[in-house]
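Below you'll find the structure, written out as structure tokens, and then a few comments.
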Amino acid sequence: MKLSKAQYDEIAQFLGHMQPTRQSLRKLKEKFPSQSQSTLLSIFSQEYQKQIKRTHAKHHTAEAIETYYQRYLNGVMKNAAAPVLLDLANEVDFAPSLMARIVLERFLQEKEQAIPSKTLISSMLRDPSQIPDEVLANQVYQCTVNDCCYGPLVDCIKHAIGHEHEVLLREMLLEKNLSFIAEDQLRAKGYDKTPDFILEVPVAVEGHIIHWIESKASFGDESSHQAHLQDQFWSYWNRFGPGLVIYWYGFIEELDCHRERGILLKDCFPTDIVTLRHSVAQR
Amino acid sequence: FSINVFKMLNLGVSVNHIHDKLGSLSLLQKDFVPFLLNFLREQTSQILTNGPSTPAKTPSSKAHGSQRTGSERRTGHRSFQKPSLGSFLTATPEALPVRRGRRRGSSSAGASGRQVARDLGCSLAEEEDGKSDSGSWSGGRRKWSEAPLASARSPPSQLNLNNLEEFPPMGAASGWTNKPSRRINPTPVSAERPLSKPKTCFTSTPVSRAPAARWSAGSSPEAFAAVQEGNLSSVISTSLQEEREMLKKERYSLRISFDPGTPTKPSYTRSASLPAESHLVTCANPAKVSCKKQLECLAQLYSSCIAENLVPNIFLELFFVLQLLTSKGTSTAEDGDSDPEINVSGGQHFESVHNCVYFAVRVLDYQYEIISHLEKGTLKLLAENERIASFSPTLHKRLRQAYESSTAKVSLLLPCSVQSVSFQPETDNRSNFPSDRAFHIFKKQRDIFYELLREWEDNHEKTGWDFERVLGNKIRAMMAHLSATCNHSRFARLFQKQLIQMCKGPVGGGASWGDTPDQDVLNMLGSDNLSRLKRLQERFVVPQSIRGPCPPPSFPGCQQFFRDFILSAGSYQFNQHLVDSLCLKILELDGLTLVEHEHSDGETDMEEQDEKKRFTMALLSLRLLAKFLGFIVFLPYRTAEQPTRDLQDSALALRNQTLPVLDILKLLRQSIRDQRSILTIPWIVEYLSFVDHIAPFLDYYRKVFGLLLLMVLSEDKEMSFLNKLLILAVLGELRKLLASFVAGSGGKNGGFIRKITPTAAESLASKASVTQQKLQVDLEQAFFHNQPPSLRRTVEFVAERVGSNCVKHIKATLVAELVQRAEAMLQDKVKEEDVNHDKLLEEVCTHLYEEGAQALIKGREFCEKKGPEAVRVLLPEETSAAVLSSAESIAVELATEKACGWLSANIAALIKREVKATFNRMLKVPGFPLPGEDALELRRDCPPGCQHCAPFPSQMINEIKYVLCVAVGPREEDEVVDYTWLECLLGRLSQTLRCRKFMCPTAEQQLAKCTVELASLLVSDRVPLSLGIKSPGKSPERLRVKNDPTSGLLKLLFSIWKEDFGTSVPVQLIFSKKNIGYLTEAKQREWDLFLFLLRGLIEHELMRTSEIQSCLHSLEELPWPSDFVKDLKRLSRVFVSEHQIEEPRTNPCELTRQSLATVTSQS
């Protein structure tokens, strides 16, 4: 679904400083019933990430870390079953999963008398059973499960969504008889940058010739689109020529401004496709 | 002389007839053409208010600079450069026996104060007494006026052409002093192009205001483009008489016009002309033309000069003629009803628009042959020109025809925005780089390069945007990165490819073509509006930004980016690699096979079209590349000012010792020998247009210029004319061009020019003796000789492709197979401790090399199979069986040689490289599931008839996450999970897991983990289930496990874990400290459910009894509260007792078995 910049701004403004919980999501859906749930969640997630990026540093000062850790210790001392970490995260406007990471890291540091490796911490976040302290394990798990913007579960969902849409796109390409080379094949051939699909025979979509298609199972807002342009789309263009990006959860329509230059945006599989010989998909 | 020279060069062109035709003109020839051209310019200077002045470009007899360093050059006062045709004649009474009796007025041209005439007289007098006897070479056939100062007055009869001292370029400093300079039009040179200095360039207008030092220097590059003598055709001789008549009149008028006091003659300076727009366009009327006879004569004379290639630049003249055609005239000179003859006596043949147009139309008529090759748009404008229509209906008609049949188009399409150079795995993937780092850095460099390009594209036209300021540092940072990884050559190649991609088209590509296509041009096509026509004409020969039809070399459009990039980069390494890359590409394109096509009806049309396109593209690309090559090569020597003589001498001494990067002299000679200078000269000219001040004096470049000069002077006028057409990137009739070109060679059998295709250096198979091999080669050549050229091309093409495909095929089959085997071997061995990776790799590879030898056998098989197939498809059906089979076997042989040559040299290295890459990949993926496990889950398929409409995995994770979220809290008081909904959720999960289409490993693993977590939470009663109507209303404690709703959900989970998951489910997580911890508050019901869970795990073979036992055992060791440890131990005992006895039983899970409570009571 394409949103105008104004529509998008309205949603973004409503999100304000909402906590990334299921309760917030529910409110969002109630406020914007006409938007799809996936679109709203995607926007929510991206807006929240922007907010976190802005404040990330202040939560990682030595003082902050120490404060959080002490508050955690005091909290669980009083009541180990209470959602100490989660409440703390919400109170200081920080993502629960990231708060869990900070405290876990601090905990391990104290326990092992050494700075733990990032892989170890990530592994423990993915599977809190590995955390040697049972109380902390429960607290961490509570944080990651409740977080709807960060954490291993959310990452996995995002990954799954991305994969599913790639599969969907592949199905659509097959259905339209458009032969393509998929990303894994491209990698095997040693391409240095690989879009999801390169069309073996280019087609024209809405009058624009495209050589590749990238599937994005997210909403295309300004900052994410700029980032994608920078490290993906232009790189594809630099190697394969013009192409199509499908933002399955919609995008800000004003961003679709590089059509002439060779980056086309759509929020669904295009219907107006002209192939080399004839039009296959005119409906 | 000519004969000697041509013989020396093996041109074999007969020049004998020059002698016959021009013998009588030996004196006239020297300065005649420049005089004529200057005369025309002067005559018309008043009337031409449209467009820039067209330089006559004929500094034929240069004044010795020292004489004229004064006011003339400073002021550019043109009254010193008065019409000189008359003067010329005045001063050569002996050469042109003028009928004195008809001379009017004074017999002397030297009226007081007429400096020019005096100078002229002097010089010519001197010329006469000094050189008329010895100055003509080779029996006085041709007189070489431009002997340099340093050379002897009497040139030797045999000249070393390569010595510019002896064989100076045309227009170089004259050996005679005291000569007046001819009319010199200052060529406006825009000041904002400092980089195109010096403006002395071959393709451009010579800078006529060149400083004196240059003339005295002996030669200068621009001089080569200057006028040449000789070659006047019969037209001149036949009309000589008339001409003399006319010139006499001219001389008379000259006297009048030279009189400073003559009021009838306004200033000659261009500034006197009124702004064009203030004029009404005069309606040119054929009836009002005066002195037609004289004009006709002039037109003939002028046309002959053009036709004989005597003018320095044909486009200057066309431009001039079109200016005349579209002249607006001045109010003073218009519509005089005076007697035409009176006009004649006034000597102003071009005073009226009518006369100008008449003259122009006559010339166009004579030059129809050339005009008709112009591009379609221009032809249309000419065909629609009213003046042409009224002055010459026949020409009008011919132009219409030419327009209708013309296919020559200059693309005025808007430039497509930047096109990138495509990524080709064969040349661009990791295996082409020495290290991962180099590969990844180059990946970034490519993106940065295009980012810069886009930034430039977006902003360079904005005011205040400065290339160096904005992009300079980025470019230099990029260069530094390239240096660090030695990626320069790769980047240079990308740079060069992108350059061709963006700039090869005629628009923004050609040196003298318009900068950017203008929508105006598109709009005006079809209009006959005169001012528009004028604008088109201006654009036709001149980019808008530079006034004058022959601009100095410039970098229009996108070329600017590349030039500025080179300058900002300022990288020696980059420049060197770029030069290498440019040279290579130039050599490649210059070696293009030119194929002539028989003039058969329609049949070869398509091939011919392709050929033309190929040729044009090659030509345009060559010129572009050569321009950049010249730019870089001469960049270090660029100076703003002409160096002093001393500096020049020392520079010459130094630079004569070094060799040029590209041997253009050799290429030029080759091209002449092979009759393909039509392709070579244009780009060499581009290259030379960048020479610095010194370069032309270097021995090497003197030879080049000397040779070029000979080409210009050569007899093959059609060729050079067509060359010029091509230089302007007008897509002329290439067929004709090629045909005439080849015809010149006298070649038989179609005269098809062969490209010598070097075949693989070593023949693998053939062991035949050298003579036999040679015989075979000769036979092969002979075979092709009498076949159509397309046959040879087909065979070469097939051989090239099949050979290449063969290598690819071997890589994809045999090598891939070996690599796979290597992978298996490595996988086994790498697990062994303390293994040396390098050694291991070496071992495995050595093992495979022997099998690699099969590649040659398989390669030959491949070529033998594919070669004939391809040849058969590509050759005409009607090809005779014998020809076909010969063609097939030649193709197979060539392909095999190519493929097997490569394979035998490279197969071992290839295997090693591939195995190594695979090995590295293998080592690099830590924690990734081992291939065995991975393969297991990927091999699973959807159940038969699956519609793939199950919920997406992401959706399922999301929903289960919600349940977990509610279970671990915090939650609202009334927040519950509906039992039926959860039951249904597990049902849908089952569907999702069964359909494999959208599943990915991470999602499945996450689902497995989440469901185990869910089971733990269910067992410990952490999930606030709402039973809805199903609720029996009894307190949970009293429920038998059998009827417990949770057990139903657990049963569903058992089944999902057992039947639906493709990945292993981490059920052991149930026994983690964290999950067992959920049970710390557990009551009897929860312990019963837990036991139920354990039984289920056993019965569904999700865990073995021993595994569970050991899990329970280790749990007991942990520091739990003592009550909890007791409970755990009790559970453990029950479980053990059950399963020690019942181990062999495979009964389905029975909920009616003992509850934990009964066991406890029994114990």
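Residue numbering restarts at 1 for every chain of the structure tokens, chains are lettered A, B, ... in their displayed order, and ligands are numbered from 1 as they appear.
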
Give the residues of chain A that lie within 7 Å of chain B; count only C-alpha atoms, and format the answer as a PyMOL selection string.
chain A and resi 83+129+134+137-138+142+145-146+156-157+160-161+164+167+189-192+235+237-241+261

Which residues are near B:Gln820? Cut-off 12 Å, only C-alpha atoms, ignore same chain within fewer than 2 positions. Put them as number ranges by chain.
B: 812-818, 822-827, 844-845, 848, 911, 914-919, 922

So that I can see what lies close to A:Asp9, please list as a ChimeraX atom specification the residues with an atom at most 12 Å from it, counting only C-alpha atoms and leaving out residues fewer than 3 positions away in the same chain.
/A:3-6,12-16,43-44,47,221-222,252

Please report, as a short mmCIF file (atom, residue, chain, number, x, y, z; two decimals) with N, CA, C and O atoms, in the first residue's frame, each residue of stretch 204-265 of chain A to which DSSP assigns strand (DSSP E or B) when run on this structure's backbone.
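Wrote it out as selection-v2.cif, contents follow:
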```
data_model
loop_
_atom_site.label_atom_id
_atom_site.label_comp_id
_atom_site.auth_asym_id
_atom_site.auth_seq_id
_atom_site.Cartn_x
_atom_site.Cartn_y
_atom_site.Cartn_z
N ALA A 204 9.73 -4.89 -19.57
CA ALA A 204 9.37 -3.51 -19.25
C ALA A 204 8.19 -3.52 -18.28
O ALA A 204 7.20 -4.21 -18.51
N VAL A 205 8.32 -2.81 -17.20
CA VAL A 205 7.24 -2.66 -16.24
C VAL A 205 6.77 -1.23 -16.28
O VAL A 205 7.57 -0.31 -16.06
N HIS A 208 9.02 0.92 -18.14
CA HIS A 208 10.43 1.03 -17.76
C HIS A 208 11.09 -0.33 -17.84
O HIS A 208 10.59 -1.30 -17.29
N ILE A 209 12.21 -0.36 -18.49
CA ILE A 209 12.92 -1.62 -18.63
C ILE A 209 13.58 -1.99 -17.30
O ILE A 209 14.18 -1.13 -16.65
N ILE A 210 13.43 -3.22 -16.91
CA ILE A 210 14.07 -3.67 -15.67
C ILE A 210 14.87 -4.95 -15.91
O ILE A 210 14.49 -5.78 -16.72
N HIS A 211 15.97 -5.04 -15.21
CA HIS A 211 16.84 -6.20 -15.32
C HIS A 211 16.81 -7.07 -14.08
O HIS A 211 17.23 -8.20 -14.11
N TRP A 212 16.40 -6.50 -12.98
CA TRP A 212 16.44 -7.25 -11.72
C TRP A 212 15.26 -6.86 -10.85
O TRP A 212 14.64 -5.82 -11.07
N ILE A 213 14.95 -7.72 -9.89
CA ILE A 213 13.86 -7.43 -8.96
C ILE A 213 14.35 -7.72 -7.54
O ILE A 213 14.96 -8.76 -7.28
N GLU A 214 14.11 -6.78 -6.67
CA GLU A 214 14.47 -6.98 -5.28
C GLU A 214 13.19 -6.97 -4.47
O GLU A 214 12.33 -6.10 -4.63
N SER A 215 13.05 -7.97 -3.60
CA SER A 215 11.85 -8.06 -2.78
C SER A 215 12.17 -7.52 -1.39
O SER A 215 13.16 -7.92 -0.78
N LYS A 216 11.33 -6.62 -0.93
CA LYS A 216 11.55 -6.07 0.41
C LYS A 216 10.27 -6.25 1.22
O LYS A 216 9.27 -5.58 0.97
N GLY A 220 8.64 0.88 2.90
CA GLY A 220 9.72 1.74 2.42
C GLY A 220 9.56 3.15 2.93
O GLY A 220 8.84 3.94 2.33
N GLY A 243 16.24 -1.58 -12.46
CA GLY A 243 15.53 -2.70 -11.85
C GLY A 243 14.31 -2.26 -11.05
O GLY A 243 13.99 -1.07 -10.97
N LEU A 244 13.64 -3.27 -10.48
CA LEU A 244 12.40 -3.04 -9.75
C LEU A 244 12.55 -3.47 -8.29
O LEU A 244 13.13 -4.51 -8.01
N VAL A 245 12.03 -2.62 -7.41
CA VAL A 245 12.01 -2.97 -5.99
C VAL A 245 10.55 -3.12 -5.58
O VAL A 245 9.75 -2.25 -5.85
N ILE A 246 10.22 -4.24 -4.96
CA ILE A 246 8.86 -4.40 -4.46
C ILE A 246 8.89 -4.28 -2.94
O ILE A 246 9.49 -5.11 -2.25
N TYR A 247 8.27 -3.23 -2.44
CA TYR A 247 8.08 -3.08 -0.99
C TYR A 247 6.71 -3.68 -0.69
O TYR A 247 5.68 -3.02 -0.88
N PHE A 251 5.14 1.78 0.61
CA PHE A 251 6.24 2.74 0.70
C PHE A 251 5.64 4.14 0.58
O PHE A 251 4.48 4.30 0.20
N ILE A 252 6.44 5.11 0.92
CA ILE A 252 6.01 6.50 0.75
C ILE A 252 6.10 6.83 -0.72
O ILE A 252 7.18 6.74 -1.32
N ILE A 263 15.39 3.02 -11.08
CA ILE A 263 14.95 2.29 -9.89
C ILE A 263 13.43 2.50 -9.77
O ILE A 263 12.97 3.60 -9.55
N LEU A 264 12.72 1.40 -9.95
CA LEU A 264 11.27 1.45 -9.98
C LEU A 264 10.73 0.88 -8.67
O LEU A 264 11.23 -0.14 -8.21
N LEU A 265 9.74 1.54 -8.06
CA LEU A 265 9.17 1.01 -6.82
C LEU A 265 7.74 0.53 -7.06
O LEU A 265 6.97 1.17 -7.78
#
```

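Of the residues listed (A:Leu229, A:Leu186, A:Leu178, A:Leu169), A:Leu178 shows the shortest atom-to-atom separation from A:Ile273; distances use only C-alpha atoms.
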
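Between atom CA of B:Ser1132 and atom CA of B:Ala1008 the interatomic distance comes to 25.6 Å.
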
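Interatomic distance, atom CA of B:Ala799 to atom CA of A:Ser179: 28.2 Å.
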
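Contact shell of B:Val1067 at 8 Å (only C-alpha atoms; same-chain neighbours under 4 positions omitted): Val1012, Leu1102 and Met1103 of chain B.
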